[in-house]
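The structure appears below as structure tokens.
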Amino acid sequence: MRRKVVLLAALLFVCGVSNVIFAQSYTDGIEYFKSGQPERSKIILNKTMDDPSTYKAEALYYLGESEFALGNKDAALENYSKGIKLDSNYPYNYIGRGKLMLEKNQKVAEGDFKQAIKLAKKVNCQAGVSTNISRAYFEAGLPQYKKYLDSAMRTDNRYAPAYVLHGDVYGKEGNVGEAAGMYEMAQSFDPSCIEAYVKYALLHYPINPKYATNKLEELLRGHPNSAIAQRELAEAYFHAGRYNEAVAAYARYMANPNHFNNDRARHAALLYFDKKYEESLTLIEQTLLDDPDNLILNRFAMYDNFELENYEQAVGFGKKYIDNSNNTKYLTSQDFMVYGKVLKALNKPSEYVAAFEGAVKIDPLKAELYKELSDAYKAAGEILKSADAMGKYMDIAGENVVTNDYFSLGKIYYQAAGSLTDLKVKKEVYNKADSVFAIVVSRVPEDYRGYLWRARSQSGMDPETEVGLAKPYYEKVIAIIEANKDSSQDSAVVEAYRYMGYYNYIKEYAAGSKKYPETKKWWNKILERDPENEIKNTLSQLE
């Protein structure tokens, strides 16, 4: 079975993208940088630097830009300088070198910028150079950016990257609407301006995932081999909850040579969300060989194994990342919840409790965790704690509490009371149970079960039936069930008849009765429902 699944997963991965041939290109690195992802840009540019098709002066400029964005200024300068040495007529490395001087000596920086402008005239890229100089000033927080951005727009009022920079300025100011408008303008002037689509999508992920998805679909139609377009569309599908499409999009992206290994974890997660647990687990097992301590991979290995009922394997993966103190700040209540359910399945009650206590600690306002914690305490024999946890669930759940929740809480208190030996405390807990069942009765007065459990709770407070606390509630049970004429409720009504008979037996015995008419009346009702009931022997002794 396992071999078959591995083969199917391999076919999904390869055949699903077999009609597309991807070429590794440094331009993917440039696209990542322009789209605000310098870490990825750096990896691709380093990986593709020595490819014959790579224009090294340009690649070194964007590698320098990536290093600068990551705070590695010495590395940035080294790359800009190498670019100038390789091609002194390429203007952009002068902009990079000048940008590094803005904090130290603006005059020196301006000298490099002037050199870039001079070279731009030779190769007809004035708008691009002005835009990049503007961005250098903007990122340094200096007002001169406006002068150069205006210059770029005068040179070419349809130059898409200038509109992208306008969008970035608005975005930094928190003006999302204007920023989105500028990114759309950039797209309209240049459908190849990939960063405009990606930045537009990033703005819309939290607002309107559908808009983000539509833009990236449009981008990918024009640039089917773009790694960033493939990845961001997969992400957009994920944010929109379209897991089937996200899985397919990620499979396509993972076939691109410029994919990132850490995205395999996302692909595995998407397969899990799409309920493709075997495929997700197969991908995880392959990836863990290279990255055995990856938290996300171990997390979804536990999740997948839990869903596949491989509980021993699931607990192994869970221990590996949950017990690692380095992961503490990354753990979620969901991690502890799944881990707890695994431990429950393995019949490890104390560890089951500890897992849900961990979940509650992380997410103390998540109501359903307390219901699970209540079950965990019950499994561990800590009944009062179980009741307290169920009560906490109901406090937080508020209007979402259903009648069955009150039934559950009342039964837990009832069970807890039965396990106690201190009579005073025992009666207090039975009283708590009765109070909860009183709420059940108020919610569903036509249902005999609320009265039945009130009767049992009252009987617990009157164990010798000296007062007959349970009598009115058992009478209500009898009235409802006899009116219903439902044989499935026989056991409940027999319990009520038995109590009523015993209650009257005590009264009649104390009064010196020798015929016990009321006792016999009620116990004979038991025999009408169950002719072979053992009460027959007790009745025979009353003759």
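Identifiers in this document derive from the order of the structure tokens: chains are assigned A, B, ..., residues are numbered from 1 separately in each chain, and ligands are numbered from 1 in order of occurrence.
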
For this session: Find the residues near region 127-133 of chain A: any atom within 9 Å, counting only C-alpha atoms, skip ones fewer than 3 places away on the same chain, and give them as a PyMOL selection string.
Result: chain A and resi 91-92+95-96+98-99+113+116-117+120+124+136-138+145+148-157+159+161-162+165

Find the nearest atom pair between each residue of region 165-228 of chain A and region 27-31 of chain A for residues within 7 Å, count only C-alpha atoms, give distances in Å to one decimal, sort rows by chain and ascending number, and present the table as a Markdown table.
```
| residue | atom | partner | partner_atom | distance |
| --- | --- | --- | --- | --- |
| A:Ile194 | CA | A:Glu31 | CA | 6.8 |
| A:Glu195 | CA | A:Glu31 | CA | 6.5 |
| A:Ser226 | CA | A:Asp28 | CA | 6.6 |
| A:Ala227 | CA | A:Asp28 | CA | 6.2 |
| A:Ile228 | CA | A:Asp28 | CA | 6.9 |
```

For this session: Using backbone DSSP assignments, extract all helix (DSSP H, G or I) residues from region 133-268 of chain A; output them as a ChimeraX atom specification.
Result: /A:133-139,145-155,160-172,176-189,194-204,209-222,227-239,243-254,263-268

Exercise. How far is it from CA of Asn258 (chain A) to CA of Pro52 (chain A), in Å with one decimal?
Worked result: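 Computing the Euclidean distance for CA of Asn258 (chain A) and CA of Pro52 (chain A) yields 16.2 Å.
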
Exercise. Of the candidates A:Leu219, A:Ala179, A:Ile506, A:Ile535, which one gets nearest to Val494 (chain A) if we count only C-alpha atoms?
Worked result: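 When distances to Val494 (chain A) are compared using only C-alpha atoms, the smallest one comes from A:Ile535.
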
Close residues, region 389-396 of chain A itself excluded, 7 Å, only C-alpha atoms, min 4 positions apart in chain, as a PDB file with all heavy atoms, in the first residue's frame:
```
ATOM      1  N   LEU A 365      -8.542  31.648  25.562  1.00  0.00           N
ATOM      2  CA  LEU A 365      -9.908  32.071  25.253  1.00  0.00           C
ATOM      3  C   LEU A 365     -10.564  31.201  24.181  1.00  0.00           C
ATOM      4  O   LEU A 365     -11.649  31.522  23.694  1.00  0.00           O
ATOM      5  CB  LEU A 365      -9.916  33.538  24.806  1.00  0.00           C
ATOM      6  CG  LEU A 365      -9.463  34.551  25.868  1.00  0.00           C
ATOM      7  CD1 LEU A 365      -9.496  35.969  25.311  1.00  0.00           C
ATOM      8  CD2 LEU A 365     -10.337  34.455  27.120  1.00  0.00           C
ATOM      9  N   ALA A 367     -12.645  28.354  23.432  1.00  0.00           N
ATOM     10  CA  ALA A 367     -13.599  27.593  24.249  1.00  0.00           C
ATOM     11  C   ALA A 367     -13.468  26.088  24.078  1.00  0.00           C
ATOM     12  O   ALA A 367     -13.465  25.340  25.061  1.00  0.00           O
ATOM     13  CB  ALA A 367     -15.017  28.040  23.923  1.00  0.00           C
ATOM     14  N   GLU A 368     -13.364  25.621  22.821  1.00  0.00           N
ATOM     15  CA  GLU A 368     -13.404  24.179  22.589  1.00  0.00           C
ATOM     16  C   GLU A 368     -12.245  23.430  23.240  1.00  0.00           C
ATOM     17  O   GLU A 368     -12.342  22.232  23.504  1.00  0.00           O
ATOM     18  CB  GLU A 368     -13.458  23.858  21.093  1.00  0.00           C
ATOM     19  CG  GLU A 368     -12.301  24.373  20.273  1.00  0.00           C
ATOM     20  CD  GLU A 368     -12.579  25.715  19.642  1.00  0.00           C
ATOM     21  OE1 GLU A 368     -13.305  26.525  20.261  1.00  0.00           O
ATOM     22  OE2 GLU A 368     -12.063  25.968  18.545  1.00  0.00           O
ATOM     23  N   TYR A 370     -11.254  23.806  26.256  1.00  0.00           N
ATOM     24  CA  TYR A 370     -11.652  23.437  27.616  1.00  0.00           C
ATOM     25  C   TYR A 370     -12.561  22.207  27.616  1.00  0.00           C
ATOM     26  O   TYR A 370     -12.528  21.402  28.548  1.00  0.00           O
ATOM     27  CB  TYR A 370     -12.346  24.615  28.296  1.00  0.00           C
ATOM     28  CG  TYR A 370     -11.399  25.736  28.622  1.00  0.00           C
ATOM     29  CD1 TYR A 370     -11.240  26.810  27.749  1.00  0.00           C
ATOM     30  CD2 TYR A 370     -10.629  25.730  29.777  1.00  0.00           C
ATOM     31  CE1 TYR A 370     -10.357  27.843  28.020  1.00  0.00           C
ATOM     32  CE2 TYR A 370      -9.739  26.756  30.066  1.00  0.00           C
ATOM     33  CZ  TYR A 370      -9.604  27.811  29.181  1.00  0.00           C
ATOM     34  OH  TYR A 370      -8.717  28.826  29.456  1.00  0.00           O
ATOM     35  N   LYS A 371     -13.347  22.053  26.568  1.00  0.00           N
ATOM     36  CA  LYS A 371     -14.183  20.852  26.470  1.00  0.00           C
ATOM     37  C   LYS A 371     -13.299  19.615  26.313  1.00  0.00           C
ATOM     38  O   LYS A 371     -13.528  18.579  26.939  1.00  0.00           O
ATOM     39  CB  LYS A 371     -15.162  20.964  25.292  1.00  0.00           C
ATOM     40  CG  LYS A 371     -16.156  19.822  25.231  1.00  0.00           C
ATOM     41  CD  LYS A 371     -17.091  19.953  24.033  1.00  0.00           C
ATOM     42  CE  LYS A 371     -18.218  20.895  24.314  1.00  0.00           C
ATOM     43  NZ  LYS A 371     -19.280  20.845  23.267  1.00  0.00           N
ATOM     44  N   LEU A 373     -10.179  19.482  27.284  1.00  0.00           N
ATOM     45  CA  LEU A 373      -9.460  19.339  28.551  1.00  0.00           C
ATOM     46  C   LEU A 373     -10.340  18.633  29.578  1.00  0.00           C
ATOM     47  O   LEU A 373      -9.858  17.806  30.367  1.00  0.00           O
ATOM     48  CB  LEU A 373      -9.024  20.706  29.070  1.00  0.00           C
ATOM     49  CG  LEU A 373      -8.230  20.731  30.385  1.00  0.00           C
ATOM     50  CD1 LEU A 373      -6.964  19.884  30.272  1.00  0.00           C
ATOM     51  CD2 LEU A 373      -7.882  22.162  30.773  1.00  0.00           C
ATOM     52  N   SER A 374     -11.616  18.927  29.551  1.00  0.00           N
ATOM     53  CA  SER A 374     -12.554  18.251  30.456  1.00  0.00           C
ATOM     54  C   SER A 374     -12.551  16.744  30.207  1.00  0.00           C
ATOM     55  O   SER A 374     -12.488  15.941  31.154  1.00  0.00           O
ATOM     56  CB  SER A 374     -13.964  18.812  30.252  1.00  0.00           C
ATOM     57  OG  SER A 374     -14.902  18.108  31.019  1.00  0.00           O
ATOM     58  N   LYS A 385     -11.832  18.278  38.374  1.00  0.00           N
ATOM     59  CA  LYS A 385     -11.133  19.130  37.398  1.00  0.00           C
ATOM     60  C   LYS A 385     -11.844  19.079  36.050  1.00  0.00           C
ATOM     61  O   LYS A 385     -11.909  20.080  35.331  1.00  0.00           O
ATOM     62  CB  LYS A 385      -9.676  18.697  37.250  1.00  0.00           C
ATOM     63  CG  LYS A 385      -8.778  19.133  38.393  1.00  0.00           C
ATOM     64  CD  LYS A 385      -7.314  18.834  38.066  1.00  0.00           C
ATOM     65  CE  LYS A 385      -6.384  19.362  39.145  1.00  0.00           C
ATOM     66  NZ  LYS A 385      -4.962  19.109  38.810  1.00  0.00           N
ATOM     67  N   VAL A 401     -23.332  27.765  23.818  1.00  0.00           N
ATOM     68  CA  VAL A 401     -23.553  26.592  24.658  1.00  0.00           C
ATOM     69  C   VAL A 401     -24.910  25.980  24.307  1.00  0.00           C
ATOM     70  O   VAL A 401     -25.919  26.686  24.203  1.00  0.00           O
ATOM     71  CB  VAL A 401     -23.520  26.974  26.158  1.00  0.00           C
ATOM     72  CG1 VAL A 401     -23.905  25.790  27.020  1.00  0.00           C
ATOM     73  CG2 VAL A 401     -22.133  27.469  26.533  1.00  0.00           C
ATOM     74  N   LEU A 409     -22.069  18.596  31.671  1.00  0.00           N
ATOM     75  CA  LEU A 409     -21.529  19.157  32.901  1.00  0.00           C
ATOM     76  C   LEU A 409     -22.212  18.555  34.130  1.00  0.00           C
ATOM     77  O   LEU A 409     -21.550  18.184  35.110  1.00  0.00           O
ATOM     78  CB  LEU A 409     -21.688  20.678  32.904  1.00  0.00           C
ATOM     79  CG  LEU A 409     -21.192  21.410  34.164  1.00  0.00           C
ATOM     80  CD1 LEU A 409     -19.715  21.111  34.416  1.00  0.00           C
ATOM     81  CD2 LEU A 409     -21.422  22.913  34.032  1.00  0.00           C
TER      82      LEU A 409
END
```
